[in-house]
Amino acid sequence: MTHKKRRRLMVLLLAGLGLGTATALTLTAFQDNIVFFFSPSDVLANRPAGERAFRLGGLVEAGSVERGTGTDGRPAATFRVTDGAQAITVTYTGVLPDLFREGQGVVTLGRLLPDNTFRASEVLARHDETYMPPEVADALRRAGHWNPAQGAAPPAETWNTAPRDGRSGG
């Protein structure tokens with residue numbers, strides 16, 4: 001092998017190594033910032049690891065919303081998110097979206113506390129009466145509460161059998 005060919009090979013190998021390292025670092029950075037979506041059944045069946053933030057989605061359980069004032073004087077709310085099979089209590093400090101209502105689809109971002117209460121840092125409500133977040137629709141289909149071929153999802157109060165304590169089995 002001539003000197004020029006050897007130098008070209010080294011340049012190509014170093015460029016490949018640099019590109020591979022950059023790709024690995026980028027993927028690692030994205031993995032740390034990806035926020036996963038879970039339904040209450042998913043969370044209670046397989047608790048997310050550590051203090052990692054994730055999205056919890058489902059329907060706001062009818063009769064579960066309690067509004068008040070937090071310790072810092074800001075508005076606070078406690079409510080339950082259900083997928084029909086399980087429910088998790090959510091606490092949130094801040095102003096809830098205008099479209100937030102019982103029986104409506106919601107996606108919350110936050111962390112699960114050791115007592116299985118979800119502390120939300122963000123609450124997103126559906127934006128019109130025909131929209132349901134895709135993750136919520138998937139959770140309802142998996143729980144057997146909705147078949148999209150049969151029309152719109154039924155109201156939560158017609159299928160909500162979740163235990164009140166938020167744990168599996170009642």
# chains A, B, ... in the order shown; residues from 1 in each chain; ligands from 1
>>> residues_around(residues="Val95 (chain A)", least_positions_apart="3", cutoff="10 Å", atoms="only C-alpha atoms", output="list in words")
Arg74, Pro75, Ala76, Ala77, Tyr92, Asp98, Glu122 and Val123 of chain A
>>> residues_around(residues="Ser41 (chain A)", least_positions_apart="2", cutoff="9 Å", atoms="only C-alpha atoms", output="mmCIF file with C-alpha atoms, in the first residue's frame")
data_model
loop_
_atom_site.group_PDB
_atom_site.id
_atom_site.type_symbol
_atom_site.label_atom_id
_atom_site.label_comp_id
_atom_site.auth_asym_id
_atom_site.auth_seq_id
_atom_site.Cartn_x
_atom_site.Cartn_y
_atom_site.Cartn_z
ATOM 1 C CA PHE A 38 -48.346 5.790 29.866
ATOM 2 C CA SER A 39 -51.939 5.009 30.789
ATOM 3 C CA VAL A 43 -48.023 2.807 35.263
ATOM 4 C CA LEU A 44 -49.494 0.548 37.941
ATOM 5 C CA ALA A 45 -48.468 -2.654 36.130
ATOM 6 C CA ASN A 46 -44.904 -1.509 35.421
ATOM 7 C CA THR A 82 -58.466 6.783 34.457
ATOM 8 C CA ASP A 83 -58.260 4.472 31.478
ATOM 9 C CA GLY A 84 -61.290 2.528 32.653
ATOM 10 C CA ALA A 85 -59.315 -0.281 34.234
ATOM 11 C CA GLN A 86 -57.176 1.726 36.701
ATOM 12 C CA ALA A 87 -57.000 5.292 37.993
ATOM 13 C CA ILE A 88 -54.216 7.435 39.447
ATOM 14 C CA ALA A 139 -55.129 3.253 26.118
ATOM 15 C CA ALA A 143 -58.475 -1.557 28.011
ATOM 16 C CA SER A 168 -54.309 -2.996 41.081
#
>>> closest_residue(among="A:Leu96, A:Ala24, A:Ala120, A:Leu9", to="Arg67 (chain A)", atoms="only C-alpha atoms")
A:Leu96
>>> closest_residue(among="A:Gly18, A:Thr91, A:Leu27, A:Lys4", to="Leu112 (chain A)", atoms="only C-alpha atoms")
A:Thr91
>>> atom_distance(atom1="CA of Glu66 (chain A)", atom2="CA of Thr78 (chain A)")
5.2 Å
>>> atom_distance(atom1="CA of Thr69 (chain A)", atom2="CA of Phe37 (chain A)")
28.2 Å
>>> select_by_dssp(residues="region 11-142 of chain A", states="strand (DSSP E or B)", output="VMD selection string")
chain A and resid 37 to 38 54 to 60 66 to 69 75 to 82 87 to 93 105 to 112 118 to 125
>>> atom_distance(atom1="CA of Ala49 (chain A)", atom2="CA of Arg80 (chain A)")
21.6 Å
>>> closest_residue(among="A:Pro48, A:Gly73, A:Gly20, A:Gly57", to="Val107 (chain A)", atoms="only C-alpha atoms")
A:Gly57
>>> decode(residues="region 51-100 of chain A", atoms="N, CA and C atoms", output="CSV table (one decimal), in the first residue's frame")
chain,number,residue,atom,x,y,z
A,51,GLU,N,-36.9,8.7,39.2
A,51,GLU,CA,-37.6,10.0,39.2
A,51,GLU,C,-37.8,10.6,37.8
A,52,ARG,N,-37.8,9.7,36.8
A,52,ARG,CA,-38.0,10.1,35.4
A,52,ARG,C,-39.4,10.7,35.1
A,53,ALA,N,-39.4,11.8,34.4
A,53,ALA,CA,-40.7,12.4,34.0
A,53,ALA,C,-41.3,11.6,32.9
A,54,PHE,N,-42.6,11.5,32.9
A,54,PHE,CA,-43.3,10.9,31.8
A,54,PHE,C,-44.7,11.5,31.7
A,55,ARG,N,-45.4,11.2,30.6
A,55,ARG,CA,-46.8,11.6,30.4
A,55,ARG,C,-47.8,10.6,30.9
A,56,LEU,N,-48.8,11.0,31.6
A,56,LEU,CA,-49.8,10.1,32.1
A,56,LEU,C,-51.1,10.6,31.4
A,57,GLY,N,-51.8,9.8,30.7
A,57,GLY,CA,-53.0,10.2,30.0
A,57,GLY,C,-54.2,9.3,30.2
A,58,GLY,N,-55.3,9.8,30.0
A,58,GLY,CA,-56.6,9.1,30.1
A,58,GLY,C,-57.7,10.1,30.2
A,59,LEU,N,-58.8,9.7,30.9
A,59,LEU,CA,-59.9,10.6,31.0
A,59,LEU,C,-60.0,11.0,32.5
A,60,VAL,N,-60.4,12.3,32.7
A,60,VAL,CA,-60.6,12.8,34.1
A,60,VAL,C,-61.8,12.1,34.7
A,61,GLU,N,-61.6,11.4,35.7
A,61,GLU,CA,-62.7,10.6,36.4
A,61,GLU,C,-63.8,11.5,36.9
A,62,ALA,N,-65.0,11.2,36.6
A,62,ALA,CA,-66.2,12.0,37.0
A,62,ALA,C,-66.2,12.1,38.5
A,63,GLY,N,-66.5,13.3,39.1
A,63,GLY,CA,-66.6,13.5,40.5
A,63,GLY,C,-65.3,13.5,41.3
A,64,SER,N,-64.1,13.5,40.6
A,64,SER,CA,-62.8,13.4,41.2
A,64,SER,C,-62.1,14.8,41.4
A,65,VAL,N,-62.6,15.8,40.7
A,65,VAL,CA,-61.9,17.1,40.7
A,65,VAL,C,-62.1,17.9,42.0
A,66,GLU,N,-61.0,18.2,42.6
A,66,GLU,CA,-61.1,19.1,43.8
A,66,GLU,C,-60.2,20.2,43.6
A,67,ARG,N,-60.7,21.5,43.7
A,67,ARG,CA,-59.9,22.7,43.4
A,67,ARG,C,-59.7,23.4,44.8
A,68,GLY,N,-58.5,24.0,44.9
A,68,GLY,CA,-58.2,24.7,46.1
A,68,GLY,C,-57.1,25.7,45.8
A,69,THR,N,-56.4,26.0,46.9
A,69,THR,CA,-55.2,26.9,46.9
A,69,THR,C,-54.0,26.2,47.4
A,70,GLY,N,-52.9,26.2,46.7
A,70,GLY,CA,-51.7,25.6,47.2
A,70,GLY,C,-51.1,26.4,48.4
A,71,THR,N,-50.0,25.8,48.9
A,71,THR,CA,-49.3,26.5,50.1
A,71,THR,C,-48.7,27.8,49.7
A,72,ASP,N,-48.4,28.0,48.4
A,72,ASP,CA,-47.8,29.2,47.9
A,72,ASP,C,-48.9,30.2,47.4
A,73,GLY,N,-50.2,29.9,47.6
A,73,GLY,CA,-51.2,30.8,47.3
A,73,GLY,C,-51.7,30.7,45.8
A,74,ARG,N,-51.0,29.8,45.1
A,74,ARG,CA,-51.4,29.6,43.7
A,74,ARG,C,-52.6,28.6,43.6
A,75,PRO,N,-53.4,28.6,42.6
A,75,PRO,CA,-54.4,27.6,42.4
A,75,PRO,C,-53.9,26.2,42.4
A,76,ALA,N,-54.6,25.3,43.0
A,76,ALA,CA,-54.1,23.9,43.0
A,76,ALA,C,-55.4,23.0,42.7
A,77,ALA,N,-55.1,21.8,42.2
A,77,ALA,CA,-56.2,20.9,41.9
A,77,ALA,C,-55.7,19.5,42.1
A,78,THR,N,-56.6,18.6,42.5
A,78,THR,CA,-56.4,17.2,42.6
A,78,THR,C,-57.5,16.5,41.8
A,79,PHE,N,-57.2,15.5,41.0
A,79,PHE,CA,-58.2,14.8,40.2
A,79,PHE,C,-57.6,13.4,39.9
A,80,ARG,N,-58.4,12.6,39.4
A,80,ARG,CA,-58.0,11.2,39.1
A,80,ARG,C,-58.1,11.0,37.5
A,81,VAL,N,-57.0,10.4,37.0
A,81,VAL,CA,-57.0,10.1,35.6
A,81,VAL,C,-57.2,8.6,35.5
A,82,THR,N,-58.1,8.2,34.6
A,82,THR,CA,-58.5,6.8,34.5
A,82,THR,C,-58.4,6.4,33.0
A,83,ASP,N,-58.1,5.1,32.8
A,83,ASP,CA,-58.3,4.5,31.5
A,83,ASP,C,-59.4,3.5,31.5
A,84,GLY,N,-60.2,3.4,32.5
A,84,GLY,CA,-61.3,2.5,32.7
A,84,GLY,C,-61.0,1.3,33.5
A,85,ALA,N,-59.7,0.9,33.5
A,85,ALA,CA,-59.3,-0.3,34.2
A,85,ALA,C,-58.7,0.1,35.6
A,86,GLN,N,-57.9,1.2,35.5
A,86,GLN,CA,-57.2,1.7,36.7
A,86,GLN,C,-57.3,3.2,36.7
A,87,ALA,N,-57.0,3.8,37.9
A,87,ALA,CA,-57.0,5.3,38.0
A,87,ALA,C,-55.9,5.7,38.9
A,88,ILE,N,-55.3,6.9,38.6
A,88,ILE,CA,-54.2,7.4,39.4
A,88,ILE,C,-54.6,8.9,39.8
A,89,THR,N,-54.4,9.2,41.1
A,89,THR,CA,-54.6,10.5,41.6
A,89,THR,C,-53.5,11.5,41.1
A,90,VAL,N,-53.9,12.6,40.6
A,90,VAL,CA,-53.0,13.6,40.1
A,90,VAL,C,-53.1,14.9,40.9
A,91,THR,N,-52.0,15.5,41.3
A,91,THR,CA,-52.0,16.8,41.9
A,91,THR,C,-51.3,17.8,41.0
A,92,TYR,N,-51.8,19.0,40.9
A,92,TYR,CA,-51.3,20.0,40.0
A,92,TYR,C,-51.4,21.3,40.7
A,93,THR,N,-50.4,22.1,40.6
A,93,THR,CA,-50.4,23.5,41.1
A,93,THR,C,-50.3,24.4,39.9
A,94,GLY,N,-51.3,25.2,39.7
A,94,GLY,CA,-51.3,26.1,38.6
A,94,GLY,C,-52.7,26.3,38.0
A,95,VAL,N,-52.8,27.0,37.0
A,95,VAL,CA,-54.1,27.2,36.4
A,95,VAL,C,-54.4,26.1,35.4
A,96,LEU,N,-55.5,25.4,35.6
A,96,LEU,CA,-55.9,24.3,34.6
A,96,LEU,C,-56.3,24.9,33.3
A,97,PRO,N,-56.2,24.2,32.2
A,97,PRO,CA,-56.6,24.7,30.9
A,97,PRO,C,-58.2,25.0,30.9
A,98,ASP,N,-58.6,25.9,30.1
A,98,ASP,CA,-60.1,26.2,30.1
A,98,ASP,C,-60.9,25.0,29.7
A,99,LEU,N,-60.4,24.1,28.8
A,99,LEU,CA,-61.1,23.0,28.4
A,99,LEU,C,-61.1,21.8,29.3
A,100,PHE,N,-60.4,21.9,30.4
A,100,PHE,CA,-60.3,20.8,31.4
A,100,PHE,C,-61.7,20.6,32.0
